[in-house]
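Pasting final-v9.txt here (compact mmCIF, C-alpha atoms):
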# COMPACT_ATOMS: atom_id res chain seq x y z
CA MET A 58 42.03 81.91 -38.07
CA LYS A 59 43.30 84.80 -35.90
CA PRO A 60 41.98 88.27 -36.69
CA TYR A 61 44.79 90.12 -34.96
CA ILE A 62 47.98 88.23 -35.47
CA LYS A 63 48.73 86.87 -38.91
CA TYR A 64 46.13 85.91 -41.42
CA ARG A 65 48.02 82.88 -42.65
CA MET A 66 45.18 82.36 -45.08
CA LEU A 67 44.87 86.04 -45.97
CA PHE A 68 43.34 86.51 -49.41
CA LEU A 69 41.98 82.98 -49.32
CA LEU A 70 38.36 82.11 -48.74
CA SER A 71 36.63 78.80 -48.63
CA PHE A 72 33.25 79.40 -50.16
CA LEU A 73 30.58 77.77 -48.12
CA PHE A 74 27.03 77.94 -49.33
CA MET A 75 23.77 78.45 -47.55
CA ALA A 76 20.47 77.70 -49.23
CA THR A 77 17.03 78.68 -48.13
CA SER A 78 13.64 77.43 -49.15
CA CYS A 79 12.64 80.94 -50.21
CA SER A 80 14.83 81.46 -53.25
CA SER A 81 16.84 79.50 -55.76
CA GLU A 82 19.37 82.35 -55.63
CA LEU A 83 21.01 80.62 -52.69
CA GLU A 84 21.14 77.15 -54.18
CA LEU A 85 24.74 77.44 -55.30
CA PHE A 86 27.67 75.13 -55.81
CA PRO A 87 30.68 75.18 -53.48
CA GLU A 88 33.97 76.60 -54.69
CA GLU A 89 37.58 75.81 -53.85
CA SER A 90 39.64 78.38 -51.94
CA ILE A 91 41.02 80.95 -54.40
CA SER A 92 42.52 84.43 -54.30
CA PRO A 93 40.08 87.37 -54.49
CA SER A 94 42.13 88.80 -57.36
CA GLN A 95 41.10 85.78 -59.44
CA LEU A 96 37.40 86.26 -58.86
CA GLU A 97 34.92 87.57 -61.37
CA SER A 98 31.46 89.03 -60.98
CA SER A 99 29.94 85.58 -61.59
CA ASP A 100 31.66 84.38 -58.41
CA LEU A 101 30.14 87.07 -56.22
CA PRO A 102 26.93 85.19 -55.26
CA GLN A 103 28.99 82.35 -53.81
CA LEU A 104 31.18 84.83 -51.97
CA ILE A 105 28.20 86.60 -50.39
CA ASN A 106 26.72 83.23 -49.47
CA GLY A 107 29.93 82.50 -47.60
CA VAL A 108 29.29 85.56 -45.42
CA TYR A 109 25.68 84.49 -44.82
CA ASN A 110 26.93 81.02 -43.91
CA LYS A 111 29.49 82.24 -41.38
CA SER A 112 26.88 84.60 -39.92
CA THR A 113 24.40 81.78 -39.43
CA VAL A 114 26.96 79.75 -37.53
CA GLY A 115 28.63 82.56 -35.57
CA ILE A 116 25.40 84.30 -34.58
CA GLY A 117 23.15 81.25 -34.40
CA ASN A 118 25.50 79.63 -31.91
CA ARG A 119 25.14 82.65 -29.62
CA PHE A 120 21.35 82.90 -29.50
CA VAL A 121 20.96 81.74 -25.86
CA ASP A 122 24.00 83.51 -24.34
CA PHE A 123 22.11 86.39 -22.82
CA ASP A 124 19.26 84.22 -21.58
CA LEU A 125 21.79 82.15 -19.69
CA LEU A 126 23.48 85.20 -18.24
CA ALA A 127 20.08 86.61 -17.28
CA ASN A 128 19.27 83.41 -15.37
CA HIS A 129 16.40 82.56 -17.69
CA LEU A 130 17.56 78.98 -18.15
CA GLN A 131 18.90 76.13 -16.08
CA ALA A 132 21.08 73.31 -17.30
CA THR A 133 19.69 69.82 -17.58
CA PRO A 134 21.76 66.71 -16.73
CA LEU A 135 22.53 66.41 -20.46
CA PHE A 136 24.44 69.69 -20.58
CA ALA A 137 28.17 69.04 -20.67
CA GLY A 138 29.43 72.60 -20.20
CA ASP A 139 30.27 74.76 -17.22
CA ASP A 140 26.79 76.11 -16.65
CA VAL A 141 27.31 77.11 -13.03
CA ASN A 142 30.02 79.59 -13.99
CA PHE A 143 28.04 80.76 -17.00
CA VAL A 144 24.83 81.70 -15.22
CA ARG A 145 26.84 83.37 -12.46
CA ASN A 146 28.67 85.35 -15.13
CA ARG A 147 32.02 84.07 -13.97
CA LEU A 148 33.37 82.83 -17.28
CA SER A 149 37.13 82.56 -17.54
CA PRO A 150 39.18 84.03 -20.44
CA THR A 151 39.70 80.52 -21.78
CA GLN A 152 35.95 79.93 -22.28
CA THR A 153 35.12 82.71 -24.76
CA GLU A 154 37.61 81.95 -27.53
CA SER A 155 35.20 80.15 -29.87
CA TRP A 156 32.67 82.98 -29.57
CA TRP A 157 35.31 85.56 -30.48
CA LEU A 158 36.72 83.58 -33.39
CA GLN A 159 33.36 82.73 -34.95
CA LEU A 160 32.30 86.37 -34.92
CA TYR A 161 35.59 87.54 -36.39
CA GLU A 162 35.26 84.94 -39.14
CA ILE A 163 32.15 86.86 -40.21
CA VAL A 164 34.19 90.08 -40.24
CA TYR A 165 36.95 88.38 -42.23
CA ASN A 166 34.59 87.00 -44.86
CA ALA A 167 32.70 90.30 -45.12
CA ASN A 168 35.97 92.17 -45.62
CA THR A 169 37.05 89.71 -48.30
CA SER A 170 33.74 90.28 -50.10
CA LEU A 171 34.22 94.05 -49.94
CA GLU A 172 37.76 93.72 -51.28
CA VAL A 173 36.54 91.68 -54.22
CA ILE A 174 33.70 94.12 -54.94
CA ASP A 175 36.20 96.99 -54.95
CA GLY A 176 38.11 95.21 -57.71
CA LEU A 177 35.12 94.59 -59.94
CA GLU A 178 33.59 96.83 -62.56
CA GLY A 179 29.86 97.32 -62.37
CA ASP A 180 27.08 97.98 -59.88
CA PHE A 181 27.27 95.65 -56.89
CA ASN A 182 25.57 97.95 -54.42
CA ASN A 183 23.33 95.34 -52.84
CA GLU A 184 26.22 92.92 -52.37
CA ARG A 185 28.25 95.69 -50.73
CA ALA A 186 25.31 96.55 -48.48
CA THR A 187 24.96 92.90 -47.47
CA ALA A 188 28.64 92.59 -46.51
CA LEU A 189 28.55 95.86 -44.56
CA TYR A 190 25.37 94.89 -42.71
CA LEU A 191 26.70 91.44 -41.73
CA ARG A 192 30.00 92.94 -40.60
CA GLY A 193 28.08 95.47 -38.53
CA LEU A 194 25.94 92.69 -37.07
CA ALA A 195 29.04 90.70 -36.08
CA TYR A 196 30.50 93.77 -34.38
CA TYR A 197 27.21 94.32 -32.57
CA TYR A 198 27.54 90.85 -31.06
CA LEU A 199 31.19 91.53 -30.18
CA ALA A 200 30.47 94.93 -28.62
CA THR A 201 27.60 93.68 -26.47
CA ARG A 202 29.77 90.90 -25.10
CA PHE A 203 33.25 92.39 -24.86
CA GLY A 204 32.90 96.17 -25.12
CA GLY A 205 35.49 97.87 -27.30
CA VAL A 206 37.24 95.45 -29.67
CA PRO A 207 39.81 95.62 -32.49
CA LEU A 208 38.25 97.19 -35.58
CA LEU A 209 39.07 95.82 -39.01
CA PRO A 210 37.82 98.00 -41.86
CA ALA A 211 39.93 95.68 -44.06
CA ASN A 212 41.76 92.43 -43.51
CA THR A 213 45.35 92.94 -42.44
CA THR A 214 48.47 91.08 -41.37
CA GLU A 215 49.11 93.64 -38.64
CA ILE A 216 48.24 93.31 -34.96
CA VAL A 217 45.29 95.61 -34.27
CA PRO A 218 44.75 96.94 -30.72
CA ARG A 219 41.39 97.24 -29.01
CA SER A 220 39.35 100.31 -29.83
CA SER A 221 37.14 102.03 -27.28
CA ALA A 222 33.53 100.99 -26.86
CA ALA A 223 32.43 104.35 -28.28
CA ASP A 224 34.58 103.88 -31.39
CA THR A 225 33.27 100.34 -31.82
CA TRP A 226 29.67 101.53 -31.75
CA SER A 227 30.54 104.34 -34.17
CA PHE A 228 32.09 101.78 -36.53
CA ILE A 229 28.85 99.79 -36.50
CA VAL A 230 26.78 102.91 -37.19
CA ASN A 231 29.07 103.83 -40.08
CA ASP A 232 28.69 100.37 -41.64
CA LEU A 233 24.91 100.58 -41.38
CA THR A 234 24.55 104.15 -42.62
CA THR A 235 26.82 103.35 -45.56
CA ALA A 236 24.86 100.20 -46.36
CA LEU A 237 21.36 101.67 -46.14
CA PRO A 238 21.21 103.63 -49.44
CA LEU A 239 22.91 100.76 -51.27
CA ALA A 240 20.53 97.98 -50.21
CA GLU A 241 17.46 96.78 -52.04
CA ASP A 242 13.94 96.96 -50.65
CA PHE A 243 12.62 94.02 -48.65
CA SER A 244 11.89 90.93 -50.74
CA ASN A 245 11.91 88.17 -48.12
CA GLN A 246 13.24 87.62 -44.64
CA HIS A 247 16.35 85.72 -45.72
CA PHE A 248 18.02 88.59 -47.56
CA VAL A 249 19.53 91.78 -46.19
CA SER A 250 17.28 94.71 -47.12
CA LYS A 251 16.82 98.36 -46.31
CA ASP A 252 14.37 97.37 -43.58
CA ALA A 253 16.82 94.87 -42.07
CA ILE A 254 19.46 97.59 -41.93
CA ARG A 255 17.02 100.08 -40.40
CA ALA A 256 16.00 97.52 -37.77
CA LEU A 257 19.57 96.89 -36.64
CA ALA A 258 20.33 100.62 -36.76
CA ALA A 259 17.33 101.30 -34.50
CA ARG A 260 18.74 98.80 -31.99
CA VAL A 261 22.21 100.32 -32.14
CA TYR A 262 20.98 103.92 -31.84
CA LEU A 263 18.91 102.95 -28.79
CA THR A 264 22.00 101.42 -27.21
CA GLN A 265 23.92 104.65 -27.84
CA GLY A 266 21.17 106.73 -26.27
CA ASN A 267 20.32 108.38 -29.60
CA THR A 268 16.59 108.11 -29.04
CA SER A 269 15.63 110.38 -31.92
CA GLU A 270 17.37 108.25 -34.55
CA ALA A 271 16.25 105.04 -32.84
CA GLN A 272 12.63 106.15 -33.10
CA ASN A 273 13.05 107.30 -36.70
CA MET A 274 14.54 103.99 -37.81
CA ALA A 275 12.00 101.89 -35.90
CA GLU A 276 9.06 103.86 -37.23
CA ALA A 277 10.41 103.62 -40.78
CA VAL A 278 10.26 99.83 -40.49
CA ILE A 279 6.84 99.81 -38.83
CA THR A 280 5.37 101.91 -41.64
CA SER A 281 7.41 100.35 -44.45
CA ALA A 282 5.37 99.79 -47.59
CA ALA A 283 8.11 97.60 -49.03
CA GLY A 284 8.11 95.23 -46.08
CA ASN A 285 4.36 95.25 -45.45
CA PHE A 286 5.10 94.00 -41.93
CA ALA A 287 2.45 93.29 -39.30
CA LEU A 288 2.39 91.97 -35.76
CA GLU A 289 1.30 88.34 -35.85
CA SER A 290 -1.79 87.43 -33.86
CA GLU A 291 -0.56 83.81 -33.86
CA PHE A 292 2.68 84.21 -31.92
CA ALA A 293 3.95 80.72 -32.71
CA SER A 294 3.89 81.47 -36.45
CA ILE A 295 6.87 83.81 -36.00
CA PHE A 296 9.15 80.83 -35.32
CA SER A 297 8.39 78.94 -38.46
CA LYS A 298 9.82 78.00 -41.82
CA ASN A 299 6.55 78.87 -43.49
CA GLY A 300 7.04 82.63 -43.44
CA ASN A 301 5.13 85.36 -41.63
CA GLN A 302 4.69 89.13 -41.65
CA GLU A 303 6.64 89.85 -38.49
CA VAL A 304 10.21 88.73 -39.25
CA ILE A 305 12.30 91.46 -40.85
CA PHE A 306 15.51 89.46 -41.22
CA ALA A 307 16.48 85.90 -40.39
CA LEU A 308 19.55 83.87 -41.26
CA GLY A 309 18.61 80.79 -43.26
CA ASN A 310 19.30 77.35 -41.91
CA ASP A 311 18.32 75.13 -44.82
CA PRO A 312 19.08 72.70 -46.43
CA GLU A 313 22.27 72.27 -44.38
CA GLU A 314 21.46 72.33 -40.69
CA LEU A 315 23.97 74.87 -39.40
CA VAL A 316 22.20 75.73 -36.14
CA ARG A 317 20.14 73.28 -34.09
CA GLN A 318 17.89 75.27 -31.77
CA TYR A 319 15.71 72.21 -31.19
CA VAL A 320 18.66 70.27 -29.74
CA THR A 321 19.08 72.95 -27.10
CA PHE A 322 15.50 72.79 -25.83
CA ASN A 323 13.65 69.66 -27.01
CA PRO A 324 13.65 66.43 -24.97
CA ASN A 325 14.62 63.24 -26.70
CA ASP A 326 11.01 62.00 -26.76
CA HIS A 327 9.75 65.18 -28.44
CA PRO A 328 8.43 64.79 -32.02
CA VAL A 329 11.34 67.00 -33.13
CA SER A 330 13.83 65.19 -30.96
CA GLY A 331 16.68 66.98 -29.23
CA SER A 332 18.85 66.54 -26.18
CA GLN A 333 17.42 69.37 -24.02
CA GLN A 334 20.56 71.02 -22.72
CA PHE A 335 18.57 73.85 -21.11
CA ALA A 336 15.13 74.24 -19.57
CA PRO A 337 13.31 77.29 -18.21
CA THR A 338 13.96 78.00 -14.56
CA ASP A 339 11.03 77.33 -12.24
CA ASP A 340 10.67 81.03 -11.52
CA ILE A 341 10.45 81.89 -15.22
CA PHE A 342 8.04 79.07 -15.95
CA ASN A 343 5.69 80.01 -13.11
CA THR A 344 5.76 83.81 -13.18
CA LEU A 345 6.84 85.25 -16.53
CA TYR A 346 3.49 85.15 -18.34
CA ASP A 347 0.00 86.19 -17.30
CA VAL A 348 -2.62 83.56 -18.01
CA ALA A 349 -4.14 85.81 -20.70
CA ASP A 350 -0.82 86.32 -22.51
CA LEU A 351 -1.04 84.75 -25.97
CA ARG A 352 2.74 84.23 -25.96
CA ARG A 353 2.59 81.86 -23.02
CA GLU A 354 1.95 78.47 -24.61
CA ALA A 355 3.95 79.36 -27.70
CA THR A 356 6.95 79.95 -25.43
CA LEU A 357 6.71 77.63 -22.40
CA ILE A 358 4.84 74.34 -22.01
CA VAL A 359 4.88 71.13 -20.02
CA PHE A 360 5.83 68.20 -22.25
CA ASN A 361 5.67 64.70 -20.74
CA GLY A 362 6.07 66.18 -17.29
CA GLN A 363 9.00 68.41 -18.24
CA ASN A 364 9.01 72.21 -18.46
CA ILE A 365 10.38 73.13 -21.89
CA VAL A 366 10.98 76.15 -24.12
CA ASN A 367 8.44 75.79 -26.93
CA LYS A 368 9.63 78.40 -29.46
CA TYR A 369 11.85 76.12 -31.50
CA THR A 370 9.87 72.92 -31.88
CA GLU A 371 8.32 73.10 -35.34
CA SER A 372 11.24 72.13 -37.56
CA THR A 373 14.82 70.92 -37.50
CA ASN A 374 15.85 73.69 -39.94
CA MET A 375 14.36 76.80 -38.40
CA PRO A 376 15.85 80.15 -39.40
CA VAL A 377 17.86 82.19 -36.93
CA VAL A 378 15.67 85.26 -36.34
CA VAL A 379 17.71 88.47 -36.13
CA SER A 380 15.09 91.23 -36.25
CA ARG A 381 11.31 91.26 -36.05
CA LEU A 382 8.59 93.86 -35.91
CA ALA A 383 7.80 93.57 -32.19
CA GLU A 384 11.28 94.88 -31.42
CA MET A 385 10.58 97.96 -33.54
CA TYR A 386 7.41 98.69 -31.53
CA LEU A 387 9.33 98.38 -28.28
CA ILE A 388 12.29 100.43 -29.51
CA SER A 389 9.97 103.19 -30.70
CA ALA A 390 8.10 103.12 -27.39
CA GLU A 391 11.30 103.28 -25.32
CA ALA A 392 12.79 106.00 -27.51
CA GLN A 393 9.67 108.16 -27.20
CA GLY A 394 9.51 107.70 -23.44
CA TYR A 395 6.61 108.33 -21.12
CA PRO A 396 3.83 109.14 -21.92
CA ALA A 397 4.19 109.30 -25.73
CA GLY A 398 5.61 105.76 -25.93
CA ASN A 399 2.50 104.25 -24.35
CA THR A 400 0.81 104.01 -27.74
CA ARG A 401 3.35 101.68 -29.35
CA LEU A 402 3.81 99.66 -26.16
CA ASP A 403 0.08 99.12 -25.73
CA GLU A 404 -0.41 98.26 -29.40
CA LEU A 405 1.99 95.36 -28.92
CA ARG A 406 0.42 94.35 -25.63
CA SER A 407 -3.03 94.33 -27.21
CA ILE A 408 -2.01 91.96 -30.03
CA ARG A 409 -0.48 89.69 -27.36
CA GLY A 410 -3.78 89.57 -25.43
CA LEU A 411 -2.96 92.06 -22.69
CA GLY A 412 -4.46 95.35 -21.54
CA PRO A 413 -2.73 98.74 -21.33
CA ASN A 414 0.44 99.05 -19.27
CA VAL A 415 0.20 100.70 -15.85
CA ALA A 416 3.26 102.97 -15.92
CA THR A 417 2.77 106.34 -14.23
CA ASP A 418 6.12 108.04 -14.93
CA GLN A 419 9.34 107.62 -16.90
CA ASP A 420 10.97 105.26 -14.39
CA SER A 421 8.01 102.90 -14.21
CA PHE A 422 7.65 103.13 -17.98
CA ILE A 423 11.22 101.86 -18.52
CA ASP A 424 10.44 99.01 -16.11
CA ALA A 425 7.30 98.24 -18.14
CA ILE A 426 9.35 98.20 -21.36
CA LEU A 427 11.91 95.84 -19.83
CA ASP A 428 9.18 93.54 -18.54
CA GLU A 429 7.57 93.45 -21.97
CA ARG A 430 10.89 92.79 -23.71
CA GLN A 431 11.54 89.93 -21.28
CA ARG A 432 8.21 88.31 -22.17
CA GLU A 433 8.42 89.03 -25.88
CA PHE A 434 11.99 87.91 -26.46
CA TYR A 435 12.40 85.12 -23.93
CA ALA A 436 14.95 82.57 -25.29
CA GLU A 437 15.89 84.94 -28.13
CA GLY A 438 18.98 86.42 -26.49
CA PHE A 439 18.01 89.98 -25.55
CA TYR A 440 17.26 90.34 -21.86
CA TRP A 441 20.77 90.37 -20.36
CA TYR A 442 21.95 93.21 -22.55
CA ASP A 443 18.64 95.04 -22.14
CA LEU A 444 19.46 95.21 -18.43
CA VAL A 445 23.09 96.17 -19.05
CA ARG A 446 22.31 99.03 -21.42
CA THR A 447 19.58 100.44 -19.13
CA GLY A 448 21.71 100.14 -15.98
CA LYS A 449 19.32 97.62 -14.41
CA ALA A 450 21.47 94.46 -14.33
CA ILE A 451 22.65 94.75 -10.74
CA GLU A 452 19.18 95.79 -9.59
CA ARG A 453 17.34 92.94 -11.30
CA LEU A 454 19.76 90.00 -11.32
CA GLU A 455 20.91 88.27 -8.13
CA ASN A 456 23.93 86.79 -9.89
CA VAL A 457 25.29 90.23 -10.87
CA THR A 458 26.94 92.11 -8.00
CA ASP A 459 29.46 94.48 -9.61
CA GLN A 460 30.07 96.44 -12.80
CA ASN A 461 32.93 94.19 -13.90
CA GLN A 462 30.43 91.43 -14.60
CA LEU A 463 28.75 93.46 -17.32
CA LEU A 464 31.42 92.52 -19.88
CA LEU A 465 32.74 89.08 -20.70
CA PRO A 466 36.46 88.26 -20.63
CA ILE A 467 38.60 88.77 -23.70
CA PRO A 468 39.89 85.33 -24.77
CA GLN A 469 43.21 84.51 -23.16
CA ARG A 470 44.74 83.58 -26.51
CA GLU A 471 44.10 87.10 -27.80
CA ILE A 472 45.80 88.55 -24.74
CA ASP A 473 48.80 86.24 -25.04
CA LEU A 474 49.34 86.61 -28.79
CA ALA A 475 48.05 90.09 -29.58
CA GLU A 476 48.63 91.71 -26.18
CA LEU A 477 45.06 92.93 -25.95
CA GLU A 478 44.01 94.58 -22.70
CA GLN A 479 41.75 92.36 -20.57
CA ASN A 480 38.41 93.62 -19.30
CA PRO A 481 38.45 94.59 -15.60
CA GLY A 482 37.78 91.83 -13.08
CA TYR A 483 39.22 88.89 -15.03
This entry written out as structure tokens:
Amino acid sequence: MKPYIKYRMLFLLSFLFMATSCSSELELFPEESISPSQLESSDLPQLINGVYNKSTVGIGNRFVDFDLLANHLQATPLFAGDDVNFVRNRLSPTQTESWWLQLYEIVYNANTSLEVIDGLEGDFNNERATALYLRGLAYYYLATRFGGVPLLPANTTEIVPRSSAADTWSFIVNDLTTALPLAEDFSNQHFVSKDAIRALAARVYLTQGNTSEAQNMAEAVITSAAGNFALESEFASIFSKNGNQEVIFALGNDPEELVRQYVTFNPNDHPVSGSQQFAPTDDIFNTLYDVADLRREATLIVFNGQNIVNKYTESTNMPVVVSRLAEMYLISAEAQGYPAGNTRLDELRSIRGLGPNVATDQDSFIDAILDERQREFYAEGFYWYDLVRTGKAIERLENVTDQNQLLLPIPQREIDLAELEQNPGY
């Protein structure tokens, strides 16, 4: 389905359902494709589940992109893709089409939900907030990969040109600020909540350089009475189906297995068997973690003589974690800067078994933040863009030699059919 040319299936939606173990609210029956004008309020839960479903697939399938681009991972002989070009950030415009389409499917389904809500009588504030948040999240993934992209506040049959990067980020902020007062308080990690929206907003504000709002949003989550969040002393418990106090929002992956993290990292002879497409590089395995770091064995281990990523080995239906409390501590620390940010940074380091950081000025403090984010979020898809947004990619990554590598290529099909402008260097 093309977002920019003709929506041949405009005003049609195949309702897919996503269930989680946390609530029977998501255990819903599938529907046939029907026109939004035919829908009633009783159909809305299935419609919103369709947006959750597309988000799980579109975002879950992208969770290792930035670890690959940051040279965190190396391909195993079982990987069938073009890993050499990927880790060198030399993807061609024909290799990014599926990423683009899956993310725009989230936008399409979210817009359909909003159109239906607009036609219904009654209070559907939380459903509207959910659609706005998931649309904003999809655009966050698009913006961090492609820069400015076509913006669709509503589904259309018209060709939509690319917007600027600044306008794309503003669109995301608008979705989140509109959603925040409409959303419900946190109930569990599988539903969009005020805290989930604040967490994504903190990330977006930090990217924009709005440190004041980034700190405000991060601190609101840290101190949230509704969420009652806490940093987990058992790091491995964060990546679990059993629930924990650190995850703010995660996309469910149960009972239908939409994303298979374990396939990416687990060897075939692992108790949760996979096909280990990627393994940690030797440099990462040997140098990333101090021996005292409590994240070490929960992240990287030797299994039957093989170095493996150990974060996704508990279950075959693990949620796709989007936001968790550790990120809020690090966002607040970075937004406050040196020396005020030392408190939040060292609170996180302490719970992870480490002593105070050794930064002595703002420059070394940013380096300390980046180092901590690399350790904390290894194999969670953050580090590449952390380096891009802080201007450190060329300095820190051998495979990045010019600014044109900081954005991925717009899919060739979009250029051919919608005449979108290609990013420089491709």
Length of the CA of Ser269 (chain A) to CA of Lys449 (chain A) vector [Å]
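Between these atoms lies a distance of 22.0 Å.
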Could you make a table, as a Markdown table, of the residues of region 381-451 of chain A that have an atom within 12 Å of an atom of region 204-214 of chain A, each with its nearest atom pair and distance in Å to one decimal, counting all atoms listed in the file, in chain and number order?
| residue | atom | partner | partner_atom | distance |
| --- | --- | --- | --- | --- |
| A:Tyr442 | CA | A:Gly204 | CA | 11.6 |
| A:Val445 | CA | A:Gly204 | CA | 11.5 |
| A:Arg446 | CA | A:Gly204 | CA | 11.6 |
Contacts of Asp242 (chain A) at 8 Å (only C-alpha atoms; same-chain gap of 3+ positions) as number ranges by chain
A: 250-252, 283-284
In the coordinate frame of the file, compute which residues have an atom within 7 Å of (8.7, 99.2, -38.3) when using all atoms listed in the file, and state them as an MDAnalysis selection string.
chainID A and resid 275:281 382 385:386
Pairwise distance, CA of Val415 (chain A) with CA of Phe123 (chain A), equals 27.1 Å
What is the distance between CA of Phe296 (chain A) and CA of Tyr369 (chain A), in Å to one decimal?
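About the pair CA of Phe296 (chain A) and CA of Tyr369 (chain A): they are 6.6 Å apart.
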Name all residues at most 6 Å from Gln334 (chain A) (count only C-alpha atoms; drop same-chain ones fewer than 5 positions away) and give them as number ranges by chain.
A: 132-133, 135-136, 321
Nearby residues (all atoms listed in the file) at most 12 Å from Asn361 (chain A), same-chain spacing under 5 positions excluded, as a list in words:
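Close residues of Asn361 (chain A): Asn323, Pro324, Asn325, Asp326, His327 and Pro328 of chain A.
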Prev. selection, C-alpha atoms, output as an mmCIF file, keeping the file's coordinate frame:
data_model
loop_
_atom_site.group_PDB
_atom_site.id
_atom_site.type_symbol
_atom_site.label_atom_id
_atom_site.label_comp_id
_atom_site.auth_asym_id
_atom_site.auth_seq_id
_atom_site.Cartn_x
_atom_site.Cartn_y
_atom_site.Cartn_z
ATOM 1 C CA ASN A 323 13.650 69.660 -27.010
ATOM 2 C CA PRO A 324 13.650 66.430 -24.970
ATOM 3 C CA ASN A 325 14.620 63.240 -26.700
ATOM 4 C CA ASP A 326 11.010 62.000 -26.760
ATOM 5 C CA HIS A 327 9.750 65.180 -28.440
ATOM 6 C CA PRO A 328 8.430 64.790 -32.020
#
Compile the contact shell of Tyr395 (chain A) as a list in words: residues with an atom at most 8 Å away, counting all atoms listed in the file, same-chain residues fewer than 5 positions apart removed.
Asp418, Gln419 and Phe422 of chain A
Quick one: contact table of region 123-224 of chain A to region 428-431 of chain A, 12 Å max, nearest atom pair and distance in Å to one decimal per residue, counting only C-alpha atoms, chain and number order, as a tab-separated table?
residue	atom	partner	partner_atom	distance
A:Phe123	CA	A:Gln431	CA	11.3
A:Asp124	CA	A:Gln431	CA	9.6
A:Ala127	CA	A:Gln431	CA	10.0
A:Asn128	CA	A:Gln431	CA	11.7
A:His129	CA	A:Gln431	CA	9.5
Could you give me, as number ranges by chain, the residues within 8 Å of region 196-198 of chain A, counting only C-alpha atoms and dropping anything in the same chain fewer than 2 positions from it?
A: 116, 160, 164, 192-194, 200-202, 225-226, 229, 261
Extending 3 Å beyond the listed atoms of region 124-130 of chain A on each side, what axis-aligned box results? I want centre and edge lengths in Å to one decimal, as JSON.
{"center_x": 19.9, "center_y": 82.8, "center_z": -18.5, "size_x": 13.1, "size_y": 13.6, "size_z": 12.2}
Selected residue of minimal separation from Phe439 (chain A) among A:Gln318, A:Ser380, A:Thr187, A:Ser170, counting only C-alpha atoms:
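Ranked by minimum distance to Phe439 (chain A), first place goes to A:Ser380.
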Counting all atoms listed in the file, the residue among A:Leu191, A:Leu405, A:Ile174, A:Val366 that lies closest to Ala307 (chain A) is A:Leu191
